[in-house]
Amino acid sequence: MTNDAEIAALVHAEKVAREALENATKARKTAEWRERDQRVEALKPLAERAHKLLCQWNHTDGCSWGYEESAKDPWSCDAHARWLERFDRLIQGGQASYTARADAPVPVEDITAILDLLEQLSPSERRVFSLLRAGRLNA
């Protein structure tokens with residue numbers, strides 16, 4: 001049979017263990033966020049270049065990228081964050097949505113090579129490329 005002192009000691013040990021777990025969890029999450037921030041910081045120029053070459057939205061009222069440029073942190077705004085997330089997910093590999101299958105990681109070099117090729121196309125050729133990609137060319 002346990003006495004009150006033993007129960008108090010166990011309660012205290014449980015409290016200490018819970019606090020240690022919470023601290024370890026916070027430290028892990030902080031490290032994960034720091035690593036992600038460093039990783040996506042390096043992707044910003046790539047996302048910006050890709051947006052310039054690939055975005056098909058009307059930039060007067062369809063894509064908010066231009067409006068976001070004046071924000072204190074445009075990368076926390078909708079369009080910038082979506083483009084950055086796309087490239088992070090593409091390079092890291094993973095699912096485009098919870099219903100999609102996981103894709104293999106794509107090397108940054110491959111993405112850069114494709115963007116280099118797209119940059120050589122005229123605007124009308126890029127439009128045709130976009131239509132081909134979307135399967136919207138009529139025979």
# chains A, B, ... in the order shown; residues from 1 in each chain; ligands from 1

call {"tool": "residues_around", "arguments": {"residues": "Ser64 of chain A", "least_positions_apart": "6", "cutoff": "9 Å", "atoms": "only C-alpha atoms", "output": "list in words"}}
result
Cys77, Asp78, Ala79 and His80 of chain A

call {"tool": "residues_around", "arguments": {"residues": "Thr112 of chain A", "least_positions_apart": "5", "cutoff": "10 Å", "atoms": "only C-alpha atoms", "output": "PyMOL selection string"}}
result
chain A and resi 46+49-50+107+117-118

call {"tool": "atom_distance", "arguments": {"atom1": "atom CA of Leu54 of chain A", "atom2": "atom CA of Arg126 of chain A"}}
result
7.9 Å

call {"tool": "select_by_dssp", "arguments": {"residues": "segment 33-109 of chain A", "states": "helix (DSSP H, G or I)", "output": "JSON, numbers by chain"}}
result
{"A": [33, 34, 35, 36, 37, 38, 39, 40, 41, 42, 43, 44, 45, 46, 47, 48, 49, 50, 51, 52, 53, 54, 65, 66, 67, 68, 74, 75, 76, 78, 79, 80, 81, 82, 83, 84, 85, 86, 87, 88, 89, 90, 91, 92, 108, 109]}

call {"tool": "closest_residue", "arguments": {"among": "A:Leu90, A:Val106, A:Leu53, A:Leu10", "to": "Ser130 of chain A", "atoms": "only C-alpha atoms"}}
result
A:Leu53

call {"tool": "closest_atom_pairs", "arguments": {"of": "segment 79-135 of chain A", "to": "segment 18-42 of chain A", "cutoff": "12 Å", "atoms": "only C-alpha atoms", "output": "JSON lines"}}
result
{"residue": "A:His80", "atom": "CA", "partner": "A:Val40", "partner_atom": "CA", "distance": 11.6}
{"residue": "A:Ala81", "atom": "CA", "partner": "A:Val40", "partner_atom": "CA", "distance": 10.1}
{"residue": "A:Arg82", "atom": "CA", "partner": "A:Val40", "partner_atom": "CA", "distance": 11.9}
{"residue": "A:Trp83", "atom": "CA", "partner": "A:Val40", "partner_atom": "CA", "distance": 10.8}
{"residue": "A:Leu84", "atom": "CA", "partner": "A:Val40", "partner_atom": "CA", "distance": 7.0}
{"residue": "A:Glu85", "atom": "CA", "partner": "A:Val40", "partner_atom": "CA", "distance": 8.2}
{"residue": "A:Arg86", "atom": "CA", "partner": "A:Val40", "partner_atom": "CA", "distance": 10.6}
{"residue": "A:Phe87", "atom": "CA", "partner": "A:Val40", "partner_atom": "CA", "distance": 8.6}
{"residue": "A:Asp88", "atom": "CA", "partner": "A:Val40", "partner_atom": "CA", "distance": 6.6}
{"residue": "A:Arg89", "atom": "CA", "partner": "A:Val40", "partner_atom": "CA", "distance": 10.2}
{"residue": "A:Leu90", "atom": "CA", "partner": "A:Val40", "partner_atom": "CA", "distance": 11.8}
{"residue": "A:Ile91", "atom": "CA", "partner": "A:Arg39", "partner_atom": "CA", "distance": 10.2}
{"residue": "A:Gln92", "atom": "CA", "partner": "A:Arg39", "partner_atom": "CA", "distance": 9.9}
{"residue": "A:Val108", "atom": "CA", "partner": "A:Ala42", "partner_atom": "CA", "distance": 10.6}

call {"tool": "atom_distance", "arguments": {"atom1": "atom CA of Lys72 of chain A", "atom2": "atom CA of Lys52 of chain A"}}
result
20.5 Å

call {"tool": "atom_distance", "arguments": {"atom1": "atom CA of Ile111 of chain A", "atom2": "atom CA of Gly62 of chain A"}}
result
25.0 Å
